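Shown here: upload.cif, mmCIF, C-alpha atoms.
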data_target
#
loop_
_atom_site.label_atom_id
_atom_site.label_comp_id
_atom_site.auth_asym_id
_atom_site.auth_seq_id
_atom_site.Cartn_x
_atom_site.Cartn_y
_atom_site.Cartn_z
CA MET A 847 136.95 165.53 265.77
CA GLU A 848 136.51 168.99 267.17
CA LEU A 849 134.85 169.39 270.56
CA LYS A 850 133.07 172.53 271.62
CA VAL A 851 133.12 173.36 275.35
CA LEU A 852 129.64 174.30 276.52
CA ALA A 853 130.14 174.69 280.28
CA THR A 854 132.62 176.34 282.59
CA ARG A 855 135.23 174.62 284.69
CA GLY A 856 134.10 173.52 288.15
CA ALA A 857 130.66 172.43 286.95
CA VAL A 858 129.58 169.49 284.82
CA ARG A 859 131.30 169.95 281.50
CA ARG A 860 129.28 169.17 278.35
CA MET A 861 130.88 168.96 274.92
CA ALA A 862 128.94 168.57 271.68
CA LEU A 863 130.36 166.99 268.56
CA ALA A 864 129.74 168.93 265.36
CA LEU A 865 127.78 166.46 263.24
CA GLY A 866 129.14 167.85 260.01
CA LEU A 867 132.56 166.61 261.06
CA LEU A 868 131.16 163.10 261.54
CA SER A 869 129.78 162.65 258.03
CA GLY A 870 132.96 161.21 256.61
CA LEU A 871 133.25 158.74 259.46
CA LEU A 872 129.66 157.64 259.65
CA GLY A 873 128.77 157.18 255.98
CA THR A 874 125.18 157.27 254.71
CA ALA A 875 121.88 155.58 255.46
CA ALA A 876 118.48 155.46 253.81
CA SER A 877 115.51 157.41 255.14
CA ALA A 878 113.27 155.56 257.55
CA ALA A 879 109.69 154.54 256.88
CA THR A 880 107.03 152.99 259.06
CA ILE A 881 106.36 149.29 258.63
CA ASP A 882 104.00 146.69 260.04
CA THR A 883 103.63 142.94 259.74
CA GLU A 884 100.86 140.37 259.68
CA ALA A 885 102.82 138.26 262.16
CA ARG A 886 101.32 138.14 265.65
CA GLN A 887 104.76 138.57 267.22
CA ALA A 888 107.90 139.95 265.62
CA ILE A 889 111.23 141.59 266.35
CA LEU A 890 114.06 142.77 264.09
CA MET A 891 117.43 143.50 265.70
CA ASP A 892 120.91 144.53 264.69
CA ALA A 893 123.07 141.65 265.89
CA ASP A 894 126.18 143.78 266.47
CA THR A 895 124.75 146.78 268.32
CA GLY A 896 121.67 145.08 269.80
CA THR A 897 119.43 147.85 268.49
CA VAL A 898 115.77 146.94 268.02
CA LEU A 899 114.73 148.14 264.56
CA PHE A 900 111.13 146.92 264.74
CA ALA A 901 109.00 145.14 267.32
CA LYS A 902 105.43 143.92 267.57
CA ASN A 903 104.27 142.09 270.70
CA ALA A 904 107.93 141.17 271.11
CA ASP A 905 107.65 140.40 274.83
CA GLN A 906 104.38 138.48 274.59
CA HIS A 907 104.51 134.83 275.64
CA MET A 908 104.00 132.56 272.64
CA PRO A 909 104.33 128.90 271.63
CA THR A 910 107.71 128.48 269.98
CA SER A 911 107.30 125.09 268.26
CA SER A 912 110.52 123.93 266.56
CA MET A 913 112.21 127.29 267.04
CA SER A 914 112.87 125.93 270.56
CA LYS A 915 115.40 123.60 268.96
CA VAL A 916 117.85 126.50 268.66
CA MET A 917 118.04 126.53 272.47
CA THR A 918 118.56 122.77 272.46
CA MET A 919 121.38 123.19 269.96
CA TYR A 920 122.91 125.97 272.05
CA MET A 921 123.28 123.43 274.86
CA VAL A 922 124.77 120.86 272.47
CA PHE A 923 127.25 123.35 271.01
CA ASP A 924 128.28 124.41 274.50
CA ARG A 925 129.13 120.78 275.36
CA LEU A 926 131.10 120.45 272.14
CA LYS A 927 133.03 123.65 272.78
CA ASN A 928 134.02 122.75 276.33
CA GLY A 929 135.14 119.27 275.26
CA LYS A 930 132.48 117.28 277.13
CA LEU A 931 131.01 116.02 273.85
CA SER A 932 132.47 115.11 270.45
CA LEU A 933 130.95 115.19 266.99
CA GLU A 934 132.06 111.56 266.67
CA ASP A 935 130.30 110.40 269.84
CA SER A 936 127.22 108.23 269.37
CA LEU A 937 123.95 108.35 271.28
CA PRO A 938 121.22 105.69 271.45
CA VAL A 939 117.69 106.11 270.10
CA SER A 940 115.42 105.32 273.04
CA ARG A 941 111.89 104.00 272.85
CA ARG A 942 110.64 107.35 274.12
CA ALA A 943 112.51 109.34 271.44
CA TRP A 944 111.16 106.98 268.78
CA ASP A 945 107.59 107.09 270.11
CA LEU A 946 107.43 110.88 270.46
CA GLY A 947 109.48 111.92 267.45
CA GLY A 948 109.95 108.97 265.14
CA ALA A 949 108.57 107.91 261.79
CA LYS A 950 105.17 106.85 263.14
CA THR A 951 104.40 110.37 264.38
CA GLU A 952 102.86 113.18 262.36
CA GLY A 953 105.65 115.60 263.29
CA SER A 954 108.96 116.34 261.60
CA THR A 955 111.38 113.45 261.97
CA MET A 956 114.85 112.27 261.05
CA TYR A 957 113.51 108.70 260.66
CA LEU A 958 115.87 107.28 263.26
CA PRO A 959 115.66 103.50 263.75
CA LEU A 960 114.67 102.38 267.24
CA GLY A 961 117.73 101.27 269.22
CA ALA A 962 120.27 102.66 266.76
CA ASN A 963 123.41 104.46 267.91
CA VAL A 964 123.75 107.71 265.97
CA LYS A 965 126.70 110.07 265.64
CA VAL A 966 126.26 113.45 267.30
CA GLU A 967 127.10 115.26 264.07
CA ASP A 968 124.35 113.37 262.24
CA LEU A 969 121.91 114.23 265.03
CA ILE A 970 122.83 117.92 264.74
CA ARG A 971 122.07 117.83 261.02
CA GLY A 972 118.91 115.90 261.71
CA VAL A 973 117.74 118.68 264.04
CA LEU A 974 118.81 121.74 262.05
CA VAL A 975 118.18 120.56 258.48
CA GLN A 976 115.37 118.04 258.93
CA SER A 977 113.90 119.49 262.15
CA GLY A 978 113.77 115.96 263.53
CA ASN A 979 111.91 115.69 266.82
CA ASP A 980 113.44 112.26 267.34
CA ALA A 981 116.99 113.58 266.92
CA THR A 982 116.27 116.45 269.32
CA ILE A 983 115.00 114.11 272.04
CA VAL A 984 117.98 111.76 271.58
CA LEU A 985 120.38 114.68 272.15
CA ALA A 986 118.42 115.90 275.18
CA GLU A 987 118.41 112.47 276.78
CA GLY A 988 122.07 111.93 275.95
CA LEU A 989 123.16 115.22 277.52
CA GLY A 990 120.73 115.42 280.41
CA GLY A 991 120.07 111.80 281.33
CA THR A 992 116.38 112.57 280.89
CA GLU A 993 114.67 115.13 278.69
CA GLU A 994 113.08 116.65 281.78
CA ALA A 995 116.46 117.24 283.44
CA PHE A 996 117.89 118.60 280.20
CA CYS A 997 115.05 121.11 279.91
CA ARG A 998 115.55 122.33 283.47
CA ASN A 999 119.17 123.05 282.60
CA MET A 1000 118.11 124.57 279.31
CA THR A 1001 115.68 126.96 281.00
CA LYS A 1002 118.28 127.98 283.57
CA ARG A 1003 120.84 128.67 280.84
CA ALA A 1004 118.28 130.71 278.92
CA HIS A 1005 117.57 132.83 281.99
CA ASP A 1006 121.31 133.33 282.52
CA MET A 1007 121.53 134.72 278.96
CA GLY A 1008 118.78 137.24 279.67
CA MET A 1009 115.88 135.21 278.27
CA LYS A 1010 113.75 135.95 281.33
CA ASP A 1011 110.39 135.23 279.66
CA SER A 1012 111.19 131.70 278.48
CA ASN A 1013 110.36 128.28 279.91
CA PHE A 1014 111.19 125.02 278.19
CA THR A 1015 109.43 121.78 279.15
CA ASN A 1016 110.61 119.73 276.18
CA ALA A 1017 113.55 119.91 273.79
CA ALA A 1018 111.67 119.81 270.48
CA GLY A 1019 109.03 122.47 271.09
CA LEU A 1020 106.10 120.07 271.16
CA PRO A 1021 102.84 121.73 272.30
CA ASP A 1022 102.66 122.35 276.06
CA ALA A 1023 100.96 125.22 277.87
CA ASN A 1024 104.01 125.67 280.11
CA HIS A 1025 106.45 125.73 277.19
CA TYR A 1026 106.85 129.26 275.89
CA SER A 1027 109.20 132.08 274.96
CA THR A 1028 108.99 135.50 273.33
CA ALA A 1029 110.17 136.92 270.04
CA HIS A 1030 112.63 139.12 271.97
CA ASP A 1031 114.04 136.17 273.91
CA LEU A 1032 114.48 134.10 270.75
CA ALA A 1033 116.34 137.00 269.12
CA ILE A 1034 118.66 137.13 272.14
CA LEU A 1035 119.19 133.38 271.73
CA ALA A 1036 119.98 133.74 268.03
CA ILE A 1037 122.55 136.47 268.65
CA HIS A 1038 124.22 134.44 271.40
CA THR A 1039 124.31 131.35 269.20
CA ILE A 1040 125.93 133.25 266.32
CA HIS A 1041 128.49 135.01 268.53
CA ASP A 1042 129.29 132.14 270.91
CA PHE A 1043 129.62 129.27 268.42
CA PRO A 1044 130.92 130.52 265.05
CA GLU A 1045 132.60 127.15 264.49
CA TYR A 1046 129.23 125.35 264.52
CA TYR A 1047 126.97 127.99 263.03
CA HIS A 1048 127.41 126.63 259.48
CA TYR A 1049 125.08 123.71 260.29
CA PHE A 1050 122.13 126.14 260.25
CA SER A 1051 122.66 126.92 256.55
CA GLU A 1052 122.99 123.37 255.16
CA LEU A 1053 120.36 122.96 252.47
CA GLU A 1054 119.84 119.20 252.65
CA PHE A 1055 120.77 116.11 254.62
CA THR A 1056 120.32 112.42 253.91
CA TYR A 1057 119.93 109.86 256.67
CA ASN A 1058 118.59 106.32 256.53
CA LYS A 1059 118.49 106.79 252.70
CA ILE A 1060 115.93 109.58 253.11
CA LYS A 1061 116.94 113.02 251.82
CA GLN A 1062 115.24 116.08 253.31
CA GLY A 1063 115.72 119.76 252.53
CA ASN A 1064 116.14 122.57 255.01
CA ARG A 1065 112.75 124.06 255.89
CA ASN A 1066 114.06 127.65 256.08
CA PRO A 1067 112.71 129.22 252.87
CA LEU A 1068 115.02 132.24 253.00
CA LEU A 1069 118.13 130.10 252.57
CA TYR A 1070 117.17 129.61 248.93
CA ARG A 1071 116.59 133.28 248.06
CA GLY A 1072 120.17 134.54 247.80
CA MET A 1073 119.58 137.41 250.26
CA GLY A 1074 122.36 136.70 252.73
CA VAL A 1075 120.30 134.52 255.09
CA ASP A 1076 122.36 131.78 256.75
CA GLY A 1077 120.07 130.53 259.55
CA LEU A 1078 118.38 129.77 261.83
CA LYS A 1079 115.14 127.75 262.30
CA THR A 1080 111.50 127.43 261.33
CA GLY A 1081 108.62 126.34 263.53
CA HIS A 1082 104.93 125.53 263.25
CA THR A 1083 102.12 124.41 265.53
CA GLU A 1084 98.39 124.95 265.32
CA ALA A 1085 98.48 127.18 268.39
CA GLY A 1086 101.58 129.17 267.44
CA GLY A 1087 101.12 129.42 263.68
CA TYR A 1088 104.09 129.58 261.33
CA GLY A 1089 107.28 131.03 262.76
CA LEU A 1090 110.89 131.66 261.81
CA ILE A 1091 114.13 132.76 263.42
CA ALA A 1092 116.22 134.22 260.60
CA SER A 1093 119.61 135.88 260.38
CA ALA A 1094 121.14 137.59 257.37
CA LYS A 1095 124.56 139.11 256.83
CA ARG A 1096 125.47 141.73 254.24
CA GLY A 1097 128.96 143.15 254.37
CA ASP A 1098 129.78 143.81 258.02
CA ARG A 1099 126.12 144.05 259.08
CA ARG A 1100 124.05 141.21 260.49
CA LEU A 1101 120.34 141.38 261.29
CA VAL A 1102 118.33 138.91 263.33
CA LEU A 1103 114.58 138.51 262.83
CA VAL A 1104 111.97 136.51 264.73
CA VAL A 1105 108.39 136.21 263.49
CA ASN A 1106 105.59 133.98 264.73
CA GLY A 1107 101.86 133.58 264.26
CA LEU A 1108 101.90 133.72 260.46
CA THR A 1109 99.08 131.93 258.66
CA SER A 1110 100.85 129.92 255.96
CA MET A 1111 104.18 128.62 254.72
CA GLN A 1112 104.07 131.19 251.92
CA SER A 1113 103.66 134.08 254.35
CA ARG A 1114 106.54 132.65 256.37
CA ALA A 1115 108.66 132.90 253.23
CA ASP A 1116 107.55 136.35 252.08
CA GLU A 1117 106.99 138.35 255.27
CA PRO A 1118 110.44 137.77 256.83
CA ALA A 1119 112.11 138.58 253.51
CA ARG A 1120 110.23 141.89 253.37
CA LEU A 1121 111.15 142.82 256.94
CA LEU A 1122 114.83 141.99 256.47
CA GLU A 1123 115.04 144.01 253.26
CA TRP A 1124 113.47 146.96 255.07
CA GLY A 1125 115.95 146.66 257.92
CA PHE A 1126 118.97 146.64 255.63
CA HIS A 1127 117.59 149.49 253.52
CA GLU A 1128 116.42 151.86 256.23
CA PHE A 1129 119.18 151.54 258.85
CA ASP A 1130 122.93 151.48 258.96
CA ASP A 1131 125.66 151.02 261.57
CA TYR A 1132 127.85 153.99 262.40
CA ALA A 1133 131.22 153.71 264.12
CA LEU A 1134 131.59 156.85 266.23
CA PHE A 1135 134.80 155.86 267.97
CA LYS A 1136 137.26 153.02 267.57
CA PRO A 1137 138.48 151.08 270.64
CA GLY A 1138 141.03 153.21 272.47
CA GLU A 1139 140.48 156.29 270.31
CA THR A 1140 140.82 159.56 272.22
CA VAL A 1141 137.45 161.26 272.63
CA ASP A 1142 138.69 164.34 274.50
CA THR A 1143 141.36 165.56 276.89
CA LEU A 1144 140.17 166.54 280.37
CA PRO A 1145 141.94 168.82 282.88
CA VAL A 1146 143.41 167.29 286.05
CA SER A 1147 143.88 169.09 289.35
CA LEU A 1148 147.11 168.62 291.30
CA GLY A 1149 148.40 165.96 288.94
CA THR A 1150 151.84 165.37 287.46
CA ALA A 1151 150.18 166.11 284.11
CA ALA A 1152 147.74 168.96 283.56
CA THR A 1153 145.38 166.84 281.42
CA VAL A 1154 144.48 163.24 280.67
CA PRO A 1155 143.05 161.81 277.42
CA VAL A 1156 139.82 159.82 277.74
CA THR A 1157 138.73 156.96 275.51
CA VAL A 1158 135.90 154.53 274.80
CA ALA A 1159 137.56 151.28 275.83
CA ASP A 1160 135.56 149.01 273.49
CA GLY A 1161 134.71 151.57 270.82
CA LEU A 1162 131.22 152.77 269.98
CA LYS A 1163 129.01 151.67 267.09
CA ILE A 1164 125.31 152.52 266.89
CA THR A 1165 122.48 151.75 264.48
CA LEU A 1166 120.52 154.70 263.11
CA THR A 1167 118.36 155.89 260.26
CA ASN A 1168 119.67 158.73 258.14
CA GLU A 1169 117.23 161.15 259.82
CA GLN A 1170 118.46 160.09 263.25
CA ARG A 1171 122.07 160.54 262.23
CA ARG A 1172 121.43 164.09 261.04
CA ALA A 1173 119.71 164.98 264.33
CA MET A 1174 122.13 163.07 266.54
CA LYS A 1175 123.81 164.83 269.46
CA VAL A 1176 126.93 163.46 271.11
CA ALA A 1177 128.19 164.88 274.41
CA VAL A 1178 130.77 164.17 277.08
CA GLU A 1179 129.78 164.79 280.70
CA SER A 1180 132.19 164.93 283.60
CA GLN A 1181 132.77 166.79 286.86
CA LEU A 1182 135.86 168.91 286.24
CA PRO A 1183 138.63 169.26 286.96
CA LEU A 1184 139.45 165.63 287.68
CA ALA A 1185 141.22 165.17 290.99
CA ALA A 1186 144.61 163.43 290.91
CA PRO A 1187 145.55 160.67 291.19
CA VAL A 1188 143.79 159.35 288.08
CA ALA A 1189 144.26 155.65 287.34
CA LYS A 1190 144.51 154.38 283.77
CA GLY A 1191 141.28 152.59 282.87
CA SER A 1192 139.21 154.29 285.58
CA VAL A 1193 135.86 155.76 284.56
CA VAL A 1194 136.14 159.55 284.59
CA ALA A 1195 133.31 160.70 282.29
CA THR A 1196 130.25 159.61 280.34
CA LEU A 1197 129.64 159.77 276.60
CA LYS A 1198 125.96 160.34 275.75
CA VAL A 1199 124.36 159.89 272.32
CA THR A 1200 120.82 161.15 271.70
CA ALA A 1201 118.63 161.22 268.59
CA PRO A 1202 114.88 161.27 267.86
CA ASP A 1203 113.16 157.96 268.74
CA LEU A 1204 116.44 156.59 270.09
CA GLN A 1205 116.89 155.57 273.69
CA THR A 1206 119.83 157.58 275.05
CA VAL A 1207 123.08 155.68 274.69
CA GLU A 1208 125.44 156.14 277.62
CA ILE A 1209 129.00 154.82 277.42
CA PRO A 1210 131.64 155.20 280.17
CA LEU A 1211 134.81 157.03 279.22
CA VAL A 1212 138.04 155.89 280.83
CA ALA A 1213 141.39 157.53 281.44
CA ALA A 1214 143.96 156.53 278.85
CA ASN A 1215 146.94 157.20 281.15
CA ASP A 1216 147.88 157.25 284.81
CA VAL A 1217 148.19 160.73 286.28
CA PRO A 1218 149.87 160.53 289.71
CA ARG A 1219 149.21 163.17 292.36
CA LEU A 1220 151.82 165.88 292.78
CA GLY A 1221 154.12 165.63 295.75
CA LEU A 1222 153.93 168.05 298.69
CA PHE A 1223 156.11 170.74 297.13
CA GLY A 1224 154.35 170.40 293.82
CA ARG A 1225 150.97 170.87 295.46
CA MET A 1226 152.29 173.90 297.36
CA GLY A 1227 153.54 175.38 294.07
CA ALA A 1228 150.18 174.76 292.40
CA GLY A 1229 148.39 176.43 295.32
CA LEU A 1230 150.68 179.43 295.16
CA HIS A 1231 150.09 179.68 291.40
CA ARG A 1232 146.32 179.77 291.94
CA MET A 1233 146.71 182.45 294.63
CA ILE A 1234 148.73 184.66 292.30
CA PHE A 1235 147.14 184.03 288.95
CA GLY A 1236 143.70 182.75 290.00
CA SER A 1237 143.89 179.52 288.00
#
As C-alpha cells, the full file:
Amino acid sequence: MELKVLATRGAVRRMALALGLLSGLLGTAASAATIDTEARQAILMDADTGTVLFAKNADQHMPTSSMSKVMTMYMVFDRLKNGKLSLEDSLPVSRRAWDLGGAKTEGSTMYLPLGANVKVEDLIRGVLVQSGNDATIVLAEGLGGTEEAFCRNMTKRAHDMGMKDSNFTNAAGLPDANHYSTAHDLAILAIHTIHDFPEYYHYFSELEFTYNKIKQGNRNPLLYRGMGVDGLKTGHTEAGGYGLIASAKRGDRRLVLVVNGLTSMQSRADEPARLLEWGFHEFDDYALFKPGETVDTLPVSLGTAATVPVTVADGLKITLTNEQRRAMKVAVESQLPLAAPVAKGSVVATLKVTAPDLQTVEIPLVAANDVPRLGLFGRMGAGLHRMIFGS
C-alpha cells in the first residue's frame, strides 16, 4: 500500500491511505439501509470485530427470562474447561429444584425425578435443548452449594466480562424485579461463550433431546431455517415478552443478535431472521492489515538504523457498509523523528480509521525491530552531518 506524507518532519506526521489501492484487499459490501424492529430491546453485533450494526434500547434494563441460562451455562462450561467438573459427573435433584422447576410447575422443565442423580452432560442438554428450569437449578446448586451463592458468583463473573448492567438472582431467569440484564450485555455474553468455549458450543444447536422417555425439541426457531444459526437461547415471561439470543455464521463472518419484548412466538421466529439477513446483506468485514504486516516505515533519530518499520501487532479488521468503505480514511499519526533507542514491540504511532457514522477506530502501531542508539562517535558524526548538510 502506498502512503502519502501529509506533514513535515518534526511535527505530527499524518499519512493517508489511498482507498483505491485498498479495493482489492477489502472486497465488496452491499449498500446500507435503515431498519427498525418491533422488539422493545435489540442489538445486532459482529462477533469478530465487536461492531454494533443496529441497536434499540440496547442498554435498557429488561427481564431476561430463560436467556439468563446462557450465563448459567457459561459458569458450567468454565468449570468443565478448568477440570473442576466432568461431563460424567452426576448431581442430585433436590426438593427445591423439583418444586421450582419440575414437572408440576407451569414452566419449561426437563421432567427430572425427585432425588435422582443426573449426569452433567444430560443436565446441559436439558437446559439448552429443553430449557429445563429444574436442570438449571440442579447445576446451580451443584456448583455453588446453593443457588443464591451460585448467582452471586455468576453476577460477579458477568461484571468481570463487561456486563456491567446485569444482576442475576436466580439461575433459570424466573421473574424477579432484581433479576435483569440488557440486550448489549447478553450480546457480550454470547460472544464470550462462543469464543471461550468452542468445544462445548455445539450443545446450543442440538435440535432435540430425550430424557425420562420424554422427547423435546429445541425452542430456538431459527435453528430449523437453514440460515446459519447455531445458537443460542430463547426466553419468555409475561413481563419481558418473547426474547432470543441468536448467532449465525456464514463463511468467516459471525453475527450475534439479541431481541426481547416481542409479542408472540411467531414474531420471535420472523423478526430475528429479518434482522440477521439485513446484517449479513448490508455489512461486511474488511481486513486492512494482517498481524505483523508493515504499515509504514518511520524515521529514527540517532539510531543504528535510519528507519524502523511499524506494524499492527494483532492485525486490523473492521465492519463497514459499502458507503462507509468508500468514504473511509486511514491515517498514521506519530511524533517524528522517533528518538533512539526504539524497542521492538514498543508503541511508536497510532493508526486511525474514520468513516461516516463510524466511531473512530484507533489502533497502536508498534516497532517491528529494535533500533539501538548510536554510540558517542556515531552521535558526534550525526551532529556534524546535520551542521553541514542541515538534515
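Picture a line from CA of Phe900 in chain A to CA of Asp1116 in chain A; it runs 16.9 Å.
Across the model, the gap from CA of Ala1029 in chain A to CA of Asp1011 in chain A is 9.8 Å.
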message = List the spatial neighbours of Ser911 in chain A as an MDAnalysis selection string - criterion: any atom at most 10 Å away, all atoms listed in the file, same-chain residues fewer than 5 positions off excluded.
response = chainID A and resid 1017:1022 1025:1027 1080:1090 1106
At a cut-off of 9 Å, can you tabulate as a Markdown table every residue of range 1068-1147 of chain A near range 1162-1172 of chain A together with its closest atom pair and the distance in Å to one decimal, using all atoms listed in the file and ordering rows by chain then number?
| residue | atom | partner | partner_atom | distance |
| --- | --- | --- | --- | --- |
| A:Glu1128 | CA | A:Thr1167 | CA | 6.0 |
| A:Phe1129 | CA | A:Thr1167 | CA | 4.6 |
| A:Asp1130 | CA | A:Thr1165 | CA | 5.5 |
| A:Asp1131 | CA | A:Thr1165 | CA | 4.4 |
| A:Tyr1132 | CA | A:Lys1163 | CA | 5.4 |
| A:Ala1133 | CA | A:Lys1163 | CA | 4.2 |
| A:Leu1134 | CA | A:Leu1162 | CA | 5.6 |
| A:Phe1135 | CA | A:Leu1162 | CA | 5.1 |
| A:Lys1136 | CA | A:Leu1162 | CA | 6.5 |
| A:Pro1137 | CA | A:Leu1162 | CA | 7.5 |
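Remark: for Glu1045 in chain A, the closest of the candidate residues A:Asp1031, A:Asp924, A:Glu1123, A:Glu1179 is A:Asp924 (distances computed over only C-alpha atoms).
Shortest atom-to-atom contact with Val1154 in chain A among A:Ile1091, A:Ala1213, A:Leu985, A:Leu1122: A:Ala1213, counting only C-alpha atoms.
Counting from CA of Val1104 in chain A, the distance to CA of Phe1126 in chain A is 15.3 Å.
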inquiry  = Please expand the PyMOL selection byres ((chain A and resi 925) around 12) into the concrete residues it hits in this file, giving the result as a ChimeraX atom specification.
reply    = /A:918-924,926-933,935,966,985-986,988-990,1043,1046
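The residue that comes closest to Val1102 in chain A, out of A:Ser1051, A:Asn999, A:Ser1180, A:Thr895 and on the basis of only C-alpha atoms, is A:Thr895.
For the set A:Thr1196, A:Ser1147, A:Ser914, A:Trp1124, the residue with the smallest atom-to-atom gap to Ala1159 in chain A is A:Thr1196, counting all atoms listed in the file.
The nearest approach to Ile1034 in chain A among the residues A:Asp894, A:Glu884, A:Glu967, A:Asp980, with only C-alpha atoms taken into account, belongs to A:Asp894.
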task = Mind checking which residues fall within 9 Å of Leu1068 in chain A, counting all atoms listed in the file, ignoring those fewer than 2 positions away in the same chain, and posting them as an MDAnalysis selection string?
result = chainID A and resid 1065:1066 1070:1077 1092 1115:1116 1118:1119
Exercise on range 1215-1218 of chain A, axis-aligned box with 3 Å per side, report centre and edge lengths in Å to one decimal, as lines of an AutoDock Vina configuration file:
center_x = 148.4
center_y = 159.0
center_z = 285.4
size_x = 8.9
size_y = 9.5
size_z = 14.6
ask   = Using the chain letters and numbers from the file, which residues does the PyMOL selection byres ((chain A and resi 1101) around 8) grab, as a VMD selection string?
value = chain A and resid 890 to 893 1093 to 1095 1099 to 1100 1102 to 1103 1122 1125 to 1126
May I have the residues from that selection written out with C-alpha atoms, as a PDB file, keeping the file's coordinate frame?
ATOM      1  CA  LEU A 890     114.060 142.770 264.090  1.00  0.00           C
ATOM      2  CA  MET A 891     117.430 143.500 265.700  1.00  0.00           C
ATOM      3  CA  ASP A 892     120.910 144.530 264.690  1.00  0.00           C
ATOM      4  CA  ALA A 893     123.070 141.650 265.890  1.00  0.00           C
ATOM      5  CA  SER A1093     119.610 135.880 260.380  1.00  0.00           C
ATOM      6  CA  ALA A1094     121.140 137.590 257.370  1.00  0.00           C
ATOM      7  CA  LYS A1095     124.560 139.110 256.830  1.00  0.00           C
ATOM      8  CA  ARG A1099     126.120 144.050 259.080  1.00  0.00           C
ATOM      9  CA  ARG A1100     124.050 141.210 260.490  1.00  0.00           C
ATOM     10  CA  VAL A1102     118.330 138.910 263.330  1.00  0.00           C
ATOM     11  CA  LEU A1103     114.580 138.510 262.830  1.00  0.00           C
ATOM     12  CA  LEU A1122     114.830 141.990 256.470  1.00  0.00           C
ATOM     13  CA  GLY A1125     115.950 146.660 257.920  1.00  0.00           C
ATOM     14  CA  PHE A1126     118.970 146.640 255.630  1.00  0.00           C
TER      15      PHE A1126
END
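For the set A:Leu1108, A:Val1176, A:Val1217, A:Ala981, the residue with the smallest atom-to-atom gap to Val1199 in chain A is A:Val1176, counting all atoms listed in the file.
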ask   = Any idea what's packed within 9 Å of Leu937 in chain A, counting all atoms listed in the file, ignoring anything in its chain fewer than 3 positions away? Could you give it as a VMD selection string?
value = chain A and resid 962 to 966 969 984 to 985 987 to 988
Selection from above, C-alpha atoms, as an mmCIF file, in the coordinates of the input, can you write it?
data_model
loop_
_atom_site.group_PDB
_atom_site.id
_atom_site.type_symbol
_atom_site.label_atom_id
_atom_site.label_comp_id
_atom_site.auth_asym_id
_atom_site.auth_seq_id
_atom_site.Cartn_x
_atom_site.Cartn_y
_atom_site.Cartn_z
ATOM 1 C CA ALA A 962 120.270 102.660 266.760
ATOM 2 C CA ASN A 963 123.410 104.460 267.910
ATOM 3 C CA VAL A 964 123.750 107.710 265.970
ATOM 4 C CA LYS A 965 126.700 110.070 265.640
ATOM 5 C CA VAL A 966 126.260 113.450 267.300
ATOM 6 C CA LEU A 969 121.910 114.230 265.030
ATOM 7 C CA VAL A 984 117.980 111.760 271.580
ATOM 8 C CA LEU A 985 120.380 114.680 272.150
ATOM 9 C CA GLU A 987 118.410 112.470 276.780
ATOM 10 C CA GLY A 988 122.070 111.930 275.950
#
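Residues with any atom within 10 Å of Val1156 in chain A, counting only C-alpha atoms and excluding same-chain neighbours fewer than 4 positions away, are Gly1138, Glu1139, Thr1140, Val1141, Asp1142, Thr1143, Leu1144, Lys1190, Gly1191, Ser1192, Val1193, Val1194, Ala1195, Thr1196, Pro1210, Leu1211, Val1212, Ala1213, Ala1214 and Asn1215 of chain A.
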task = List the residues matched by the PyMOL selection byres ((chain A and resi 1184-1187) around 8) in the displayed structure as number ranges by chain, ordered by chain and then by residue number.
result = A: 1144-1149, 1181-1183, 1188-1189, 1194, 1216-1220
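Taking only C-alpha atoms into account, the polymer residues that have an atom no farther than 12 Å from (107.0, 128.1, 281.7) are His907, Met908, Pro909, Thr910, Cys997, Arg998, Met1000, Thr1001, Lys1002, Ala1004, His1005, Met1009, Lys1010, Asp1011, Ser1012, Asn1013, Phe1014, Thr1015, Asn1016, Asp1022, Ala1023, Asn1024, His1025, Tyr1026, Ser1027 and Thr1028 of chain A.
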Your completed range 914-923 of chain A with N, CA and C atoms, as a PDB file, in the frame of the given file:
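As written to disk, result-v9.pdb reads:
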ATOM      1  N   SER A 914     112.249 126.303 269.288  1.00  0.00           N
ATOM      2  CA  SER A 914     112.870 125.930 270.560  1.00  0.00           C
ATOM      3  C   SER A 914     114.146 125.129 270.350  1.00  0.00           C
ATOM      4  N   LYS A 915     114.252 124.468 269.213  1.00  0.00           N
ATOM      5  CA  LYS A 915     115.400 123.600 268.960  1.00  0.00           C
ATOM      6  C   LYS A 915     116.710 124.391 268.888  1.00  0.00           C
ATOM      7  N   VAL A 916     116.625 125.685 268.630  1.00  0.00           N
ATOM      8  CA  VAL A 916     117.850 126.500 268.660  1.00  0.00           C
ATOM      9  C   VAL A 916     118.423 126.516 270.071  1.00  0.00           C
ATOM     10  N   MET A 917     117.559 126.574 271.080  1.00  0.00           N
ATOM     11  CA  MET A 917     118.040 126.530 272.470  1.00  0.00           C
ATOM     12  C   MET A 917     118.640 125.168 272.779  1.00  0.00           C
ATOM     13  N   THR A 918     118.008 124.110 272.289  1.00  0.00           N
ATOM     14  CA  THR A 918     118.560 122.770 272.460  1.00  0.00           C
ATOM     15  C   THR A 918     119.951 122.699 271.845  1.00  0.00           C
ATOM     16  N   MET A 919     120.088 123.249 270.632  1.00  0.00           N
ATOM     17  CA  MET A 919     121.380 123.190 269.960  1.00  0.00           C
ATOM     18  C   MET A 919     122.412 124.069 270.654  1.00  0.00           C
ATOM     19  N   TYR A 920     121.970 125.154 271.280  1.00  0.00           N
ATOM     20  CA  TYR A 920     122.910 125.970 272.050  1.00  0.00           C
ATOM     21  C   TYR A 920     123.558 125.112 273.144  1.00  0.00           C
ATOM     22  N   MET A 921     122.751 124.299 273.807  1.00  0.00           N
ATOM     23  CA  MET A 921     123.280 123.430 274.860  1.00  0.00           C
ATOM     24  C   MET A 921     124.233 122.388 274.286  1.00  0.00           C
ATOM     25  N   VAL A 922     123.905 121.851 273.124  1.00  0.00           N
ATOM     26  CA  VAL A 922     124.770 120.860 272.470  1.00  0.00           C
ATOM     27  C   VAL A 922     126.095 121.505 272.070  1.00  0.00           C
ATOM     28  N   PHE A 923     126.025 122.673 271.437  1.00  0.00           N
ATOM     29  CA  PHE A 923     127.250 123.350 271.010  1.00  0.00           C
ATOM     30  C   PHE A 923     128.133 123.710 272.198  1.00  0.00           C
TER      31      PHE A 923
END
